[in-house]
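The structure file target_4.txt is reproduced below (compact mmCIF, C-alpha atoms).
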# COMPACT_ATOMS: atom_id res chain seq x y z
CA MET A 1 22.10 35.02 -30.70
CA ASP A 2 22.42 33.84 -27.09
CA PHE A 3 18.90 35.11 -26.40
CA TYR A 4 17.41 33.08 -29.24
CA LEU A 5 19.36 29.97 -28.25
CA GLY A 6 18.09 30.35 -24.69
CA LEU A 7 14.54 30.82 -25.94
CA ALA A 8 14.81 27.69 -28.08
CA GLN A 9 15.98 25.78 -25.00
CA VAL A 10 13.01 27.05 -22.98
CA ILE A 11 10.61 26.07 -25.76
CA GLY A 12 12.10 22.57 -25.86
CA VAL A 13 11.80 22.07 -22.09
CA HIS A 14 8.22 23.37 -22.06
CA THR A 15 7.35 21.14 -25.01
CA LEU A 16 8.30 18.14 -22.89
CA LEU A 17 6.20 19.54 -20.04
CA GLY A 18 3.23 19.92 -22.39
CA LEU A 19 3.68 16.39 -23.72
CA SER A 20 3.58 15.07 -20.15
CA ALA A 21 0.16 16.68 -19.69
CA TRP A 22 -0.92 15.38 -23.12
CA CYS A 23 -0.68 11.81 -21.80
CA VAL A 24 -2.95 12.49 -18.82
CA LEU A 25 -5.47 14.56 -20.78
CA HIS A 26 -5.81 11.72 -23.28
CA THR A 27 -7.56 9.67 -20.58
CA GLY A 28 -10.00 12.49 -19.80
CA GLN A 29 -8.23 13.57 -16.60
CA VAL A 30 -7.32 17.19 -15.88
CA SER A 31 -4.32 17.13 -13.58
CA LEU A 32 -2.32 20.05 -12.21
CA ALA A 33 0.30 17.75 -10.72
CA GLN A 34 2.72 18.07 -13.65
CA GLY A 35 4.46 21.00 -11.97
CA GLY A 36 5.18 18.80 -8.96
CA PHE A 37 6.65 16.02 -11.10
CA PHE A 38 8.69 18.66 -12.94
CA ALA A 39 10.10 19.91 -9.62
CA ILE A 40 10.96 16.40 -8.43
CA GLY A 41 12.88 15.68 -11.63
CA ALA A 42 14.67 19.03 -11.43
CA TYR A 43 15.89 18.52 -7.86
CA ALA A 44 16.67 14.81 -8.26
CA ALA A 45 18.75 15.23 -11.42
CA GLY A 46 20.49 18.33 -10.06
CA MET A 47 21.43 16.62 -6.80
CA LEU A 48 22.83 13.60 -8.61
CA THR A 49 25.16 15.61 -10.86
CA VAL A 50 26.19 18.21 -8.27
CA MET A 51 26.32 16.22 -5.04
CA ALA A 52 27.04 12.70 -6.29
CA GLY A 53 29.02 13.53 -9.43
CA TRP A 54 26.87 11.40 -11.71
CA PRO A 55 27.00 11.76 -15.51
CA LEU A 56 24.10 13.77 -16.86
CA PRO A 57 22.39 10.95 -18.83
CA TRP A 58 22.12 8.78 -15.71
CA ALA A 59 20.95 11.71 -13.61
CA LEU A 60 18.22 12.61 -16.11
CA ALA A 61 17.11 8.97 -16.33
CA VAL A 62 16.92 8.54 -12.56
CA GLY A 63 15.13 11.88 -12.17
CA ALA A 64 12.55 10.75 -14.72
CA LEU A 65 12.13 7.39 -12.99
CA VAL A 66 11.68 8.99 -9.56
CA SER A 67 9.04 11.34 -10.98
CA ALA A 68 7.32 8.41 -12.69
CA GLY A 69 7.25 6.46 -9.42
CA VAL A 70 5.71 9.39 -7.56
CA ALA A 71 3.23 9.90 -10.41
CA VAL A 72 2.10 6.28 -10.21
CA ALA A 73 1.71 6.62 -6.44
CA VAL A 74 -0.41 9.74 -6.99
CA GLY A 75 -2.35 8.11 -9.81
CA PHE A 76 -3.91 5.36 -7.69
CA PRO A 77 -5.64 7.61 -5.14
CA ALA A 78 -6.48 10.07 -7.92
CA LEU A 79 -8.72 7.40 -9.45
CA ARG A 80 -11.16 7.91 -6.59
CA VAL A 81 -11.95 11.48 -7.64
CA LYS A 82 -12.97 13.05 -10.93
CA GLY A 83 -13.51 16.42 -12.50
CA LEU A 84 -13.10 19.41 -10.22
CA MET A 85 -12.10 17.29 -7.23
CA LEU A 86 -9.21 15.82 -9.24
CA VAL A 87 -8.06 19.33 -10.14
CA VAL A 88 -8.17 20.34 -6.48
CA ALA A 89 -6.37 17.19 -5.32
CA THR A 90 -3.56 17.46 -7.87
CA THR A 91 -3.20 21.19 -7.18
CA ALA A 92 -2.76 20.38 -3.49
CA PHE A 93 -0.14 17.76 -4.36
CA ALA A 94 1.83 20.25 -6.48
CA GLU A 95 1.74 22.80 -3.65
CA ILE A 96 2.90 20.18 -1.14
CA VAL A 97 5.88 19.35 -3.37
CA ARG A 98 6.73 23.04 -3.73
CA LEU A 99 6.60 23.60 0.03
CA VAL A 100 8.68 20.49 0.69
CA PHE A 101 11.45 21.88 -1.49
CA PHE A 102 11.01 25.29 0.13
CA ASN A 103 12.00 23.69 3.44
CA PHE A 104 14.39 21.07 2.06
CA LYS A 105 18.03 21.51 3.08
CA TRP A 106 20.76 19.04 2.29
CA ARG A 107 24.24 20.44 1.82
CA VAL A 108 27.46 18.50 1.33
CA GLN A 109 31.01 19.73 1.05
CA GLY A 110 32.15 20.17 -2.53
CA PRO A 111 35.48 21.25 -4.06
CA ASP A 112 34.45 24.91 -3.88
CA GLY A 113 32.40 24.80 -0.69
CA PRO A 114 29.00 23.46 0.41
CA VAL A 115 26.65 22.43 -2.41
CA GLY A 116 23.07 21.21 -2.51
CA PRO A 117 19.52 22.44 -1.83
CA ASP A 118 19.39 25.22 0.75
CA GLY A 119 15.70 25.59 1.55
CA GLY A 120 14.18 28.92 0.61
CA LEU A 121 17.51 30.10 -0.85
CA GLY A 122 17.15 27.51 -3.59
CA PHE A 123 19.58 25.09 -5.18
CA GLY A 124 22.38 26.73 -7.14
CA GLY A 125 25.65 25.68 -8.69
CA ILE A 126 24.09 23.16 -11.11
CA ARG A 127 26.78 23.81 -13.68
CA TYR A 128 27.28 20.44 -15.36
CA PHE A 129 27.18 21.91 -18.86
CA GLN A 130 29.63 24.71 -18.07
CA SER A 131 32.01 22.44 -16.17
CA ASN A 132 32.16 19.94 -19.02
CA GLY A 133 32.61 22.45 -21.82
CA TRP A 134 29.14 22.23 -23.36
CA THR A 135 28.24 25.08 -25.67
CA ALA A 136 24.74 26.56 -26.02
CA TRP A 137 24.41 24.71 -29.32
CA ASP A 138 25.32 21.40 -27.65
CA VAL A 139 22.68 21.94 -24.97
CA LEU A 140 20.10 22.90 -27.58
CA ALA A 141 20.87 19.77 -29.60
CA LEU A 142 20.48 17.59 -26.49
CA ILE A 143 17.13 19.13 -25.54
CA TRP A 144 15.61 18.86 -28.99
CA SER A 145 16.96 15.35 -29.50
CA LEU A 146 15.08 14.34 -26.35
CA VAL A 147 11.97 16.20 -27.53
CA ALA A 148 12.11 14.36 -30.85
CA GLY A 149 12.63 11.04 -29.08
CA VAL A 150 9.71 11.58 -26.69
CA MET A 151 7.41 12.67 -29.52
CA LEU A 152 8.39 9.57 -31.49
CA VAL A 153 7.62 7.30 -28.52
CA LEU A 154 4.26 9.01 -27.90
CA TRP A 155 3.43 8.80 -31.61
CA TRP A 156 4.07 5.06 -31.43
CA LEU A 157 2.03 4.73 -28.23
CA ASP A 158 -0.84 6.65 -29.80
CA ARG A 159 -0.95 4.13 -32.65
CA SER A 160 -0.66 1.15 -30.30
CA ARG A 161 -3.18 -0.56 -28.05
CA ILE A 162 -2.18 1.72 -25.18
CA GLY A 163 -3.23 4.78 -27.14
CA THR A 164 -6.50 3.11 -28.07
CA LEU A 165 -7.22 2.38 -24.42
CA TRP A 166 -6.38 5.94 -23.40
CA ARG A 167 -8.77 7.37 -25.98
CA ALA A 168 -11.49 4.90 -25.08
CA VAL A 169 -11.30 5.84 -21.40
CA GLY A 170 -11.12 9.54 -22.23
CA GLU A 171 -14.21 9.51 -24.43
CA ASP A 172 -16.47 7.30 -22.35
CA GLU A 173 -15.35 5.52 -19.18
CA VAL A 174 -18.60 3.57 -18.80
CA ALA A 175 -18.48 2.15 -22.32
CA ALA A 176 -14.78 1.37 -22.02
CA GLN A 177 -15.25 -0.43 -18.69
CA SER A 178 -18.23 -2.37 -20.01
CA ALA A 179 -16.04 -3.61 -22.85
CA GLY A 180 -13.46 -4.92 -20.39
CA VAL A 181 -10.97 -2.06 -20.36
CA ASP A 182 -9.02 -1.83 -17.12
CA LEU A 183 -9.57 1.81 -16.10
CA THR A 184 -6.96 1.63 -13.37
CA ALA A 185 -4.23 0.42 -15.73
CA ALA A 186 -5.11 2.99 -18.38
CA LYS A 187 -5.19 5.98 -16.04
CA VAL A 188 -2.20 5.02 -13.91
CA SER A 189 -0.09 4.29 -17.00
CA ALA A 190 -0.93 7.76 -18.34
CA PHE A 191 0.03 9.30 -14.99
CA GLY A 192 3.29 7.33 -14.88
CA ILE A 193 4.41 8.06 -18.43
CA GLY A 194 3.41 11.70 -18.07
CA GLY A 195 5.30 11.92 -14.78
CA ALA A 196 8.45 10.47 -16.37
CA ILE A 197 8.35 13.03 -19.18
CA ALA A 198 7.76 15.88 -16.72
CA GLY A 199 10.68 14.66 -14.60
CA LEU A 200 12.92 14.57 -17.67
CA ALA A 201 11.88 18.13 -18.49
CA GLY A 202 12.61 19.19 -14.92
CA GLY A 203 16.09 17.69 -15.04
CA LEU A 204 16.88 19.61 -18.22
CA PHE A 205 15.42 22.77 -16.69
CA SER A 206 17.63 22.64 -13.60
CA HIS A 207 20.78 22.14 -15.67
CA THR A 208 20.01 24.90 -18.17
CA THR A 209 19.08 27.49 -15.54
CA THR A 210 21.86 26.38 -13.08
CA HIS A 211 19.75 27.64 -10.13
CA ILE A 212 16.28 26.50 -9.08
CA GLU A 213 14.02 27.38 -6.20
CA HIS A 214 10.49 26.70 -5.02
CA SER A 215 9.08 29.75 -6.83
CA ASN A 216 9.92 28.12 -10.18
CA PHE A 217 7.23 25.50 -9.59
CA THR A 218 4.08 27.48 -8.83
CA ILE A 219 0.55 26.78 -10.05
CA LEU A 220 1.29 28.90 -13.13
CA LEU A 221 3.72 26.26 -14.37
CA ALA A 222 1.06 23.55 -14.05
CA THR A 223 -1.42 25.80 -15.83
CA PHE A 224 0.97 26.19 -18.74
CA ALA A 225 1.46 22.41 -18.82
CA ILE A 226 -2.21 21.62 -19.43
CA ALA A 227 -2.76 24.71 -21.59
CA TYR A 228 -0.26 23.58 -24.24
CA PRO A 229 -2.02 20.35 -25.34
CA ILE A 230 -5.48 21.86 -24.89
CA LEU A 231 -4.69 24.83 -27.11
CA GLY A 232 -2.71 22.77 -29.58
CA GLY A 233 -5.18 19.91 -29.77
CA LEU A 234 -5.01 16.42 -28.30
CA LYS A 235 -5.29 14.77 -31.72
CA SER A 236 -1.87 15.96 -32.81
CA LEU A 237 1.46 15.94 -31.00
CA ALA A 238 2.56 18.81 -33.22
CA GLY A 239 -0.25 20.89 -31.74
CA THR A 240 1.46 20.90 -28.35
CA LEU A 241 4.70 22.07 -29.93
CA LEU A 242 2.88 24.80 -31.86
CA ALA A 243 1.14 26.01 -28.69
CA VAL A 244 4.45 26.16 -26.78
CA VAL A 245 6.11 28.15 -29.58
CA PHE A 246 3.21 30.59 -29.66
CA ILE A 247 2.86 31.04 -25.89
CA GLN A 248 6.54 31.07 -24.91
CA GLY A 249 7.96 32.60 -28.07
CA VAL A 250 5.29 35.12 -29.03
CA LEU A 251 3.04 35.78 -26.03
CA ILE A 252 5.64 35.76 -23.24
CA GLU A 253 8.85 36.88 -24.94
CA GLY A 254 7.61 38.69 -28.03
CA LEU A 255 5.08 40.78 -26.06
CA ARG A 256 7.22 41.29 -22.97
CA PHE A 257 6.72 45.05 -23.28
CA LEU A 258 3.05 44.57 -22.32
CA GLY A 259 4.00 43.42 -18.84
CA ASP A 260 1.17 41.90 -16.81
CA TRP A 261 -1.27 42.44 -19.67
CA ARG A 262 0.13 39.24 -21.15
CA SER A 263 -1.77 37.28 -18.49
CA LEU A 264 -5.01 38.80 -19.76
CA LEU A 265 -4.07 37.89 -23.32
CA PHE A 266 -3.27 34.34 -22.23
CA GLY A 267 -6.72 33.92 -20.71
CA ALA A 268 -8.39 35.51 -23.73
CA LEU A 269 -6.47 33.18 -26.04
CA ILE A 270 -7.80 30.12 -24.23
CA VAL A 271 -11.38 31.42 -24.43
CA VAL A 272 -11.10 32.25 -28.15
CA VAL A 273 -9.59 28.88 -29.06
CA MET A 274 -12.23 27.02 -27.05
CA LEU A 275 -14.98 28.93 -28.88
CA VAL A 276 -13.54 28.86 -32.40
CA ARG A 277 -11.72 25.51 -32.39
CA PRO A 278 -12.79 23.42 -29.38
CA GLY A 279 -10.51 20.62 -30.55
CA GLY A 280 -7.43 22.86 -30.46
CA MET A 281 -5.44 24.74 -33.08
CA LEU A 282 -4.54 21.49 -34.84
CA SER A 283 -7.78 19.63 -34.29
CA ALA A 284 -7.30 17.42 -37.33
CA PRO A 285 -5.04 14.40 -36.85
CA LEU A 286 -1.55 14.97 -38.23
CA TRP A 287 0.31 11.73 -37.47
CA ARG A 288 -2.49 9.24 -37.26
CA SER A 289 -2.98 6.09 -39.30
CA SER A 290 -6.38 4.96 -40.49
CA ALA A 291 -6.28 2.12 -37.96
CA SER A 292 -6.00 4.54 -35.07
CA ARG A 293 -8.98 6.56 -36.31
CA ARG A 294 -11.42 3.76 -35.61
CA PRO A 295 -14.40 5.06 -33.69
CA VAL A 296 -14.48 4.71 -29.94
CA ALA A 297 -17.80 3.40 -28.70
CA ARG A 298 -20.32 5.54 -26.91
CA ALA A 299 -22.50 4.20 -24.12
CA GLY A 300 -24.24 1.03 -25.18
CA ARG A 301 -21.76 0.27 -27.96
CA THR A 302 -18.52 -1.69 -28.01
CA VAL A 303 -15.15 0.01 -27.92
CA ASP A 304 -12.42 -0.40 -30.46
CA ALA A 305 -11.49 -3.96 -31.30
CA GLU A 306 -8.09 -3.56 -29.78
CA ALA A 307 -9.56 -2.50 -26.45
CA ARG A 308 -11.52 -5.77 -26.25
CA HIS A 309 -8.32 -7.74 -25.72
CA ALA A 310 -6.78 -5.37 -23.13

Would you mind writing the file out in structure tokens?
Amino acid sequence: MDFYLGLAQVIGVHTLLGLSAWCVLHTGQVSLAQGGFFAIGAYAAGMLTVMAGWPLPWALAVGALVSAGVAVAVGFPALRVKGLMLVVATTAFAEIVRLVFFNFKWRVQGPDGPVGPDGGLGFGGIRYFQSNGWTAWDVLALIWSLVAGVMLVLWWLDRSRIGTLWRAVGEDEVAAQSAGVDLTAAKVSAFGIGGAIAGLAGGLFSHTTTHIEHSNFTILLATFAIAYPILGGLKSLAGTLLAVVFIQGVLIEGLRFLGDWRSLLFGALIVVVMLVRPGGMLSAPLWRSSASRRPVARAGRTVDAEARHA
């Protein structure tokens, strides 16, 4: 039972990571920086509970805010590049963050000895749940409550003017800009909200694993982040959840006996889905009102009426 509870916790954390990438992809940007924001949230929240003795809710909130601030700072210069150059730039950012934490040492004296990040040895002793008597069921309930809350907020945003602007920019930047849409506000807001969600996921990750290190935040993590919404489909939040369950639950854990062959299957899965269902596994809208299905203008046409007043 402990294995399945742990797997459910991993799926919940990775669902948040996928939802963070969903925000950015909605504006037509492919960013591999989510792993960096995830790492920042993990270290920030862990340091606050372990070294400063903060309650977990405040630590998670601050970790998410710090990640959001960094994401906004990254979002502004990222507007200058597009396509492959954006992928390269955000990949470099994620690697810089990983290497910073690889060399980051800050230890303070705790009740049982020195605690805090110790460079390449990682950051251990993040035992808030164990020290406060949390059971595996309690942790699972917390994670999935946050997943449900984030999905509800994103569902609301997708139906609001913000979601309309994101889709308009993602489908045709030229048409959106000609209709008066502020591209900078749309893209940076997607980066910021996505960064906050990734930071929240990182904070949960550090407290569920109790030990983190730079190798937890490689390019593979960022690849998973963008793969979830792409495979699941950007038109449905449930698609991201379905993709996480399939990849983490079936492909990684269920086929563990295949070893490194799972990487080949992962690549093949992406190719097959892109060929058979380019819009993702759930390409049809699931939680979308008729108002939010209004067509976004192509070049030479006006964008959605809501975008006019942005």

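Nearest residue to Ile252 of chain A among A:Ile193, A:Leu7, A:Ala45, A:Leu32 is A:Leu7, counting only C-alpha atoms.
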
Name the closest residue to Leu99 of chain A among the candidates A:Leu234, A:Val250, A:Leu200, A:Ala39; distances are taken between atoms, counting only C-alpha atoms. A:Ala39

d(atom CA of Glu173 of chain A, atom CA of Ala243 of chain A) in Å: 28.0 Å

Given only C-alpha atoms as the basis, pick out the residue of A:Leu121, A:Lys105, A:Ala148, A:Glu253 nearest to Phe3 of chain A. A:Glu253

For atom CA of Gly232 of chain A and atom CA of Ile96 of chain A, determine how far apart the two atoms are, in Å to one decimal place. 29.1 Å

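Atom to atom, atom CA of Asn103 of chain A and atom CA of Gly119 of chain A stand 4.6 Å apart.
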
List the neighbours of Thr27 of chain A out to 12 Å using all atoms listed in the file; skip same-chain residues closer than 5 positions along the sequence, and give me the result as a VMD selection string. chain A and resid 21 to 22 79 82 158 162 to 173 176 183 to 191 194 234

Nearest to Arg159 of chain A among A:Ser236, A:Ala71, A:Leu251, A:Val97, with distances taken over only C-alpha atoms: which residue is it? A:Ser236

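Minimum distance to Gln248 of chain A across A:Tyr128, A:Tyr228, A:Trp261, A:Phe104 (counting all atoms listed in the file) occurs at A:Tyr228.
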
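Minimum atom-to-atom distances from A:Asn132, A:Thr15, A:Ser160, A:Gln9 to Leu241 of chain A were compared using only C-alpha atoms, and the lowest value belongs to A:Thr15.
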
Mind checking which residues fall within 10 Å of Pro57 of chain A, counting all atoms listed in the file, ignoring those fewer than 6 positions away in the same chain, and posting them as a ChimeraX atom specification? /A:45,49,63,203

With all atoms listed in the file as the counted atoms, please give the residues lying no more than 12 Å from Ile126 of chain A, apart from itself and same-chain residues fewer than 3 positions off, as a VMD selection string. chain A and resid 42 to 53 56 115 to 117 122 to 123 129 to 132 203 to 213
